[in-house]
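Structure data follow from protein01.cif (mmCIF, C-alpha atoms):
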```cif
data_query
#
loop_
_atom_site.label_atom_id
_atom_site.label_comp_id
_atom_site.auth_asym_id
_atom_site.auth_seq_id
_atom_site.Cartn_x
_atom_site.Cartn_y
_atom_site.Cartn_z
CA MET H 513 52.93 -49.17 19.71
CA LYS H 514 51.35 -51.12 22.56
CA LEU H 515 47.75 -50.08 23.18
CA GLY H 516 46.21 -50.68 26.57
CA PHE H 517 45.95 -49.42 30.12
CA SER H 518 48.85 -48.91 32.52
CA ALA H 519 49.27 -50.83 35.77
CA ALA H 520 48.02 -47.79 37.70
CA GLU H 521 44.96 -47.56 35.48
CA GLU H 522 44.21 -51.25 35.94
CA ALA H 523 44.48 -50.71 39.69
CA PHE H 524 41.90 -47.92 39.33
CA ARG H 525 39.71 -50.36 37.37
CA ALA H 526 39.87 -52.84 40.22
CA GLU H 527 38.91 -50.10 42.70
CA CYS H 528 35.93 -49.06 40.57
CA ALA H 529 34.79 -52.62 39.93
CA ASP H 530 35.05 -53.67 43.58
CA TRP H 531 33.05 -50.70 44.84
CA LEU H 532 30.36 -50.82 42.15
CA GLN H 533 29.84 -54.56 42.40
CA ALA H 534 29.62 -54.33 46.19
CA GLN H 535 26.82 -51.76 45.92
CA MET H 536 24.89 -53.91 43.45
CA ALA H 537 25.25 -56.92 45.74
CA GLY H 538 24.29 -54.91 48.80
CA GLU H 539 22.17 -51.85 49.51
CA PHE H 540 21.25 -51.16 45.88
CA ARG H 541 20.81 -54.71 44.58
CA ASP H 542 17.13 -53.92 43.83
CA ILE H 543 18.08 -51.63 40.91
CA LYS H 544 20.59 -53.95 39.26
CA GLY H 545 19.69 -54.92 35.71
CA ILE H 546 17.01 -52.27 35.13
CA THR H 547 17.02 -51.31 31.44
CA THR H 548 14.34 -48.60 31.27
CA LEU H 549 15.02 -45.01 32.32
CA THR H 550 11.89 -44.50 34.43
CA ALA H 551 11.72 -47.70 36.53
CA LYS H 552 12.25 -47.12 40.26
CA ALA H 553 12.99 -43.44 39.64
CA GLU H 554 12.99 -42.42 43.31
CA ARG H 555 15.29 -45.30 44.22
CA ARG H 556 17.66 -44.30 41.44
CA LYS H 557 17.69 -40.74 42.75
CA GLU H 558 18.91 -42.24 46.02
CA TRP H 559 21.62 -44.01 44.00
CA GLU H 560 22.67 -40.66 42.50
CA GLN H 561 23.06 -39.25 46.01
CA HIS H 562 24.98 -42.35 47.11
CA LEU H 563 27.41 -41.91 44.22
CA GLY H 564 27.88 -38.27 45.26
CA GLU H 565 28.51 -39.15 48.90
CA HIS H 566 31.29 -41.54 47.91
CA GLY H 567 32.91 -39.35 45.25
CA TRP H 568 31.84 -41.40 42.21
CA SER H 569 29.19 -39.09 40.77
CA CYS H 570 31.25 -36.90 38.43
CA ILE H 571 34.80 -38.20 38.48
CA GLY H 572 35.91 -36.11 35.49
CA TRP H 573 35.04 -32.84 37.24
CA PRO H 574 37.64 -30.90 39.25
CA LYS H 575 38.00 -31.98 42.89
CA ALA H 576 36.97 -28.50 43.96
CA TRP H 577 33.50 -29.15 42.58
CA GLY H 578 32.95 -32.72 43.75
CA GLY H 579 34.93 -34.62 41.12
CA ARG H 580 38.19 -36.58 41.16
CA ASP H 581 40.12 -34.83 38.39
CA ALA H 582 39.96 -38.21 36.64
CA THR H 583 41.97 -38.62 33.46
CA LEU H 584 40.30 -39.56 30.20
CA ALA H 585 41.48 -43.15 30.62
CA GLN H 586 40.03 -43.31 34.14
CA GLN H 587 36.70 -41.95 32.91
CA VAL H 588 36.61 -44.62 30.19
CA ILE H 589 37.39 -47.32 32.76
CA PHE H 590 34.67 -46.12 35.12
CA ALA H 591 32.09 -46.05 32.31
CA GLU H 592 33.02 -49.61 31.34
CA GLU H 593 32.90 -50.97 34.88
CA TYR H 594 29.66 -49.13 35.64
CA ALA H 595 27.94 -50.87 32.76
CA ARG H 596 29.65 -54.21 33.43
CA ALA H 597 28.25 -54.20 36.98
CA GLY H 598 24.70 -54.12 35.53
CA ILE H 599 23.85 -50.70 36.94
CA PRO H 600 21.00 -48.86 35.17
CA GLY H 601 21.63 -45.61 33.29
CA ARG H 602 22.10 -42.43 35.30
CA VAL H 603 18.89 -40.47 35.84
CA ASN H 604 21.07 -37.37 36.18
CA HIS H 605 23.11 -38.02 33.05
CA ILE H 606 22.03 -34.61 31.70
CA GLY H 607 23.21 -32.83 34.84
CA ILE H 608 26.51 -34.67 35.23
CA GLU H 609 27.58 -34.86 31.58
CA LEU H 610 25.94 -31.78 30.01
CA ALA H 611 24.75 -29.08 32.42
CA GLY H 612 27.70 -29.40 34.82
CA PRO H 613 30.50 -29.24 32.25
CA THR H 614 28.72 -26.33 30.52
CA ILE H 615 28.54 -24.38 33.78
CA LEU H 616 32.20 -25.18 34.45
CA ALA H 617 33.17 -23.88 31.01
CA PHE H 618 30.89 -20.86 30.64
CA GLY H 619 29.28 -20.08 34.02
CA THR H 620 30.19 -17.39 36.53
CA GLU H 621 31.65 -18.28 39.92
CA GLU H 622 28.29 -17.52 41.51
CA GLN H 623 26.55 -19.88 39.08
CA LYS H 624 29.08 -22.62 39.81
CA LEU H 625 28.36 -22.24 43.53
CA ARG H 626 24.62 -22.22 42.88
CA PHE H 627 24.43 -25.33 40.72
CA LEU H 628 27.50 -27.58 40.81
CA PRO H 629 27.37 -28.83 44.42
CA GLY H 630 23.74 -29.90 44.02
CA ILE H 631 24.39 -31.67 40.73
CA ALA H 632 27.46 -33.48 42.07
CA ALA H 633 25.54 -34.55 45.18
CA GLY H 634 22.63 -35.94 43.16
CA ARG H 635 20.16 -33.49 44.70
CA MET H 636 19.63 -31.40 41.55
CA ILE H 637 18.36 -33.42 38.57
CA PHE H 638 18.50 -31.70 35.17
CA CYS H 639 16.74 -32.21 31.84
CA GLN H 640 17.32 -30.62 28.43
CA GLY H 641 15.02 -28.09 26.73
CA PHE H 642 16.27 -27.97 23.14
CA SER H 643 13.95 -29.73 20.64
CA GLU H 644 10.57 -28.28 19.71
CA PRO H 645 7.73 -29.39 17.44
CA GLY H 646 9.05 -28.38 14.02
CA ALA H 647 12.56 -27.85 15.39
CA GLY H 648 13.82 -31.28 16.36
CA SER H 649 17.38 -31.50 15.13
CA ASP H 650 17.32 -27.89 13.83
CA LEU H 651 18.10 -26.01 17.01
CA ALA H 652 18.40 -22.73 15.12
CA SER H 653 14.65 -22.83 14.37
CA VAL H 654 13.42 -22.70 17.98
CA ARG H 655 10.42 -20.47 18.59
CA THR H 656 10.16 -20.51 22.39
CA LYS H 657 10.44 -16.87 23.46
CA GLY H 658 11.92 -15.20 26.51
CA ARG H 659 11.76 -11.60 27.65
CA ALA H 660 13.35 -9.72 30.55
CA GLU H 661 10.78 -8.30 32.95
CA GLY H 662 11.14 -7.06 36.52
CA GLY H 663 14.46 -8.75 37.21
CA GLU H 664 13.33 -12.07 35.74
CA TRP H 665 13.16 -13.92 32.44
CA VAL H 666 9.61 -14.74 31.35
CA VAL H 667 9.39 -17.70 28.95
CA ASN H 668 6.57 -18.87 26.67
CA GLY H 669 6.65 -21.80 24.27
CA GLN H 670 6.98 -25.56 24.04
CA LYS H 671 9.75 -28.15 24.12
CA ILE H 672 9.45 -31.83 23.21
CA TRP H 673 11.39 -35.06 23.83
CA THR H 674 12.53 -33.68 27.19
CA SER H 675 13.92 -36.87 28.70
CA LEU H 676 12.95 -37.43 32.37
CA ALA H 677 11.49 -33.94 32.75
CA HIS H 678 8.79 -35.41 35.02
CA ILE H 679 11.38 -36.42 37.65
CA SER H 680 13.77 -33.50 37.15
CA ASP H 681 14.25 -30.35 39.22
CA TRP H 682 15.75 -28.03 36.58
CA ILE H 683 15.75 -27.61 32.82
CA PHE H 684 18.14 -25.65 30.63
CA VAL H 685 16.28 -23.91 27.83
CA VAL H 686 17.40 -22.36 24.55
CA THR H 687 14.97 -19.50 23.98
CA ARG H 688 14.65 -16.66 21.49
CA THR H 689 15.13 -13.38 23.33
CA GLU H 690 15.58 -11.00 20.38
CA GLU H 691 12.31 -10.15 18.67
CA GLY H 692 12.42 -10.84 14.94
CA SER H 693 15.69 -12.76 15.08
CA LYS H 694 16.18 -15.86 12.95
CA GLY H 695 18.52 -18.83 12.92
CA PRO H 696 21.31 -18.97 15.52
CA LYS H 697 21.16 -15.23 16.28
CA GLY H 698 19.09 -13.87 19.15
CA LEU H 699 19.10 -17.06 21.28
CA THR H 700 19.77 -17.17 25.02
CA PHE H 701 20.58 -20.15 27.27
CA LEU H 702 18.52 -20.15 30.50
CA MET H 703 18.52 -22.35 33.62
CA MET H 704 14.94 -22.72 34.85
CA PRO H 705 13.39 -24.44 37.90
CA LEU H 706 10.66 -26.90 36.87
CA ASP H 707 8.58 -26.70 40.04
CA GLN H 708 6.53 -23.63 39.20
CA PRO H 709 2.98 -22.88 37.99
CA GLY H 710 4.15 -21.71 34.55
CA ILE H 711 5.51 -25.12 33.49
CA GLU H 712 3.38 -28.12 32.51
CA ILE H 713 4.90 -31.53 31.72
CA ARG H 714 3.03 -34.18 29.72
CA GLY H 715 4.46 -37.66 29.28
CA ILE H 716 4.87 -39.36 25.89
CA THR H 717 4.19 -43.10 26.17
CA GLN H 718 6.49 -45.25 24.05
CA ILE H 719 5.75 -48.58 22.38
CA ASN H 720 7.41 -50.45 25.26
CA GLY H 721 5.07 -48.79 27.77
CA ASP H 722 7.79 -46.57 29.20
CA ALA H 723 7.43 -42.78 29.24
CA GLU H 724 10.90 -41.30 29.53
CA PHE H 725 10.13 -38.50 27.05
CA ASN H 726 7.86 -35.52 27.69
CA GLU H 727 6.31 -32.43 26.18
CA THR H 728 7.12 -29.37 28.28
CA PHE H 729 4.96 -26.24 28.04
CA PHE H 730 6.00 -22.79 29.26
CA THR H 731 3.30 -20.21 30.03
CA ASP H 732 4.87 -17.12 31.58
CA ALA H 733 7.38 -19.41 33.29
CA ARG H 734 10.05 -17.52 35.18
CA CYS H 735 13.65 -17.63 36.35
CA PRO H 736 15.96 -14.97 37.83
CA GLU H 737 17.59 -12.59 35.35
CA ASP H 738 21.06 -13.90 36.23
CA SER H 739 20.07 -17.48 35.35
CA LEU H 740 21.41 -17.18 31.81
CA ILE H 741 24.70 -18.89 31.01
CA GLY H 742 26.98 -16.57 29.03
CA GLY H 743 25.37 -13.35 27.83
CA VAL H 744 22.12 -12.40 26.14
CA GLY H 745 22.31 -13.71 22.59
CA ASP H 746 25.03 -16.27 23.42
CA GLY H 747 22.59 -19.19 23.38
CA TRP H 748 23.86 -20.74 20.17
CA LYS H 749 27.50 -20.67 21.34
CA ILE H 750 26.62 -22.17 24.71
CA ALA H 751 24.41 -24.86 23.13
CA MET H 752 27.17 -25.88 20.71
CA GLY H 753 29.60 -26.12 23.61
CA LEU H 754 27.15 -28.30 25.52
CA LEU H 755 26.59 -30.61 22.55
CA ALA H 756 30.35 -31.14 22.31
CA PHE H 757 30.29 -32.41 25.92
CA GLU H 758 27.44 -34.76 24.99
CA ARG H 759 29.85 -36.70 22.76
CA GLY H 760 32.04 -37.53 25.75
CA VAL H 761 33.14 -40.79 27.37
CA SER H 762 29.79 -41.39 29.07
CA THR H 763 28.49 -42.85 25.81
CA LEU H 764 31.00 -45.70 26.17
CA GLY H 765 28.90 -47.03 29.01
CA GLN H 766 26.03 -47.38 26.58
CA GLN H 767 28.14 -49.60 24.35
CA MET H 768 28.88 -51.87 27.31
CA ALA H 769 25.18 -51.97 28.18
CA PHE H 770 24.31 -52.92 24.61
CA ARG H 771 26.82 -55.76 24.79
CA ASN H 772 25.31 -56.94 28.07
CA GLU H 773 21.85 -56.98 26.48
CA LEU H 774 23.12 -58.88 23.44
CA GLU H 775 24.79 -61.49 25.60
#
```

Could you quickly redo this structure as structure tokens?
Amino acid sequence: MKLGFSAAEEAFRAECADWLQAQMAGEFRDIKGITTLTAKAERRKEWEQHLGEHGWSCIGWPKAWGGRDATLAQQVIFAEEYARAGIPGRVNHIGIELAGPTILAFGTEEQKLRFLPGIAAGRMIFCQGFSEPGAGSDLASVRTKGRAEGGEWVVNGQKIWTSLAHISDWIFVVTRTEEGSKGPKGLTFLMMPLDQPGIEIRGITQINGDAEFNETFFTDARCPEDSLIGGVGDGWKIAMGLLAFERGVSTLGQQMAFRNELE
């Protein structure tokens, strides 16, 4: 067996590399080489929108939703060339690699229309509301509560380690919507706008001086009743589906970045 990429795939690599390197030598040369997630955040949001304008934001998505229907091999190649060009990590990684694929797999057509174009265009930045104090890697122990009231979901509780919440527009939240439920039962997966009085975000400063992580507090925070993905009580299933997407090819770019740092 001969392992490697085909001639067509190597041609795609050349296309990716040429375009990415041109951007880092031109309009976006000021962000090249940044290694922290929060540096020049507004400029990197502009980069997200630039990727979207040129069809490089979410190449593995269907063309109908802003992608390129890229094969697995093409996605691997793009991740490698992205890192090789010295481009900093995506500030909308959560939207492109987690929220978007989850909506594609489990969302309604209306939800796809509501969220996917904005994510693909880099205008809708997402963060993740899973971990809580006392429920870090144990998602089934979340205590944040949600209740249906007047056509909305009302959420109270706290999330922690919410990467880039302070520069994000939306957060997806696993919340307990069945009173008295325990473990994976009674959880619901909600999409919530962050710009509202009921949500407070507090940064967590790291040893390197960066503050990419946050505590996020919900005090009667609200979202429309149809903002849940799947059905009421489907939160565990949706979250497990999302975490499967998290193990995708995007992590290969991190390996390239680590090699760049080592060198």

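Of note, atom CA of Asn604 of chain H and atom CA of Phe638 of chain H are spaced 6.3 Å apart.
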
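If you measure from each of H:Glu661, H:Asp746, H:Asp732, H:Asp722 to Arg688 of chain H using only C-alpha atoms, the closest one turns out to be H:Asp746.
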
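Residues lying within 10 Å of Glu724 of chain H, counting all atoms listed in the file and ignoring same-chain neighbours fewer than 3 positions away, are Thr548, Leu549, Thr550, Ala551, Trp673, Thr674, Ser675, Leu676, Ala677, His678, Ile679, Gly715, Ile716, Thr717, Gln718 and Gly721 of chain H.
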
All residues 12 Å or closer to Ile599 of chain H, all atoms listed in the file, same chain fewer than 2 positions away omitted, as a PyMOL selection string: chain H and resi 529+532-537+540-549+556+559-560+563+590-597+601-603+765-766+768-769+772

For the interface of segment 570-631 of chain H with segment 735-745 of chain H (cut-off 9 Å, counting only C-alpha atoms), please tabulate each contacting residue of segment 570-631 of chain H alongside its nearest pair of atoms and their separation in Å to one decimal, rows sorted by chain and increasing number, as a tab-separated table.
```
residue	atom	partner	partner_atom	distance
H:Thr614	CA	H:Ile741	CA	8.5
H:Ile615	CA	H:Ile741	CA	7.2
H:Phe618	CA	H:Gly742	CA	6.0
H:Gly619	CA	H:Ile741	CA	5.6
H:Thr620	CA	H:Ile741	CA	7.9
H:Gln623	CA	H:Ser739	CA	7.9
```

Using the chain letters and numbering of this document, enumerate as number ranges by chain the residues selected by the PyMOL selection byres ((chain H and resi 577) around 12). H: 564, 567, 569-576, 578-581, 608, 612-613, 615-616, 621, 624-633

6 Å per side around segment 761-773 of chain H: axis-aligned box centre and edge lengths, as lines of an AutoDock Vina configuration file:
```
center_x = 27.5
center_y = -48.9
center_z = 26.7
size_x = 23.3
size_y = 28.2
size_z = 16.7
```

Separation of atom CA of Val761 of chain H and atom CA of Trp748 of chain H, in Å? 23.2 Å

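Here atom CA of Val667 of chain H and atom CA of Ala733 of chain H stand 5.1 Å from one another.
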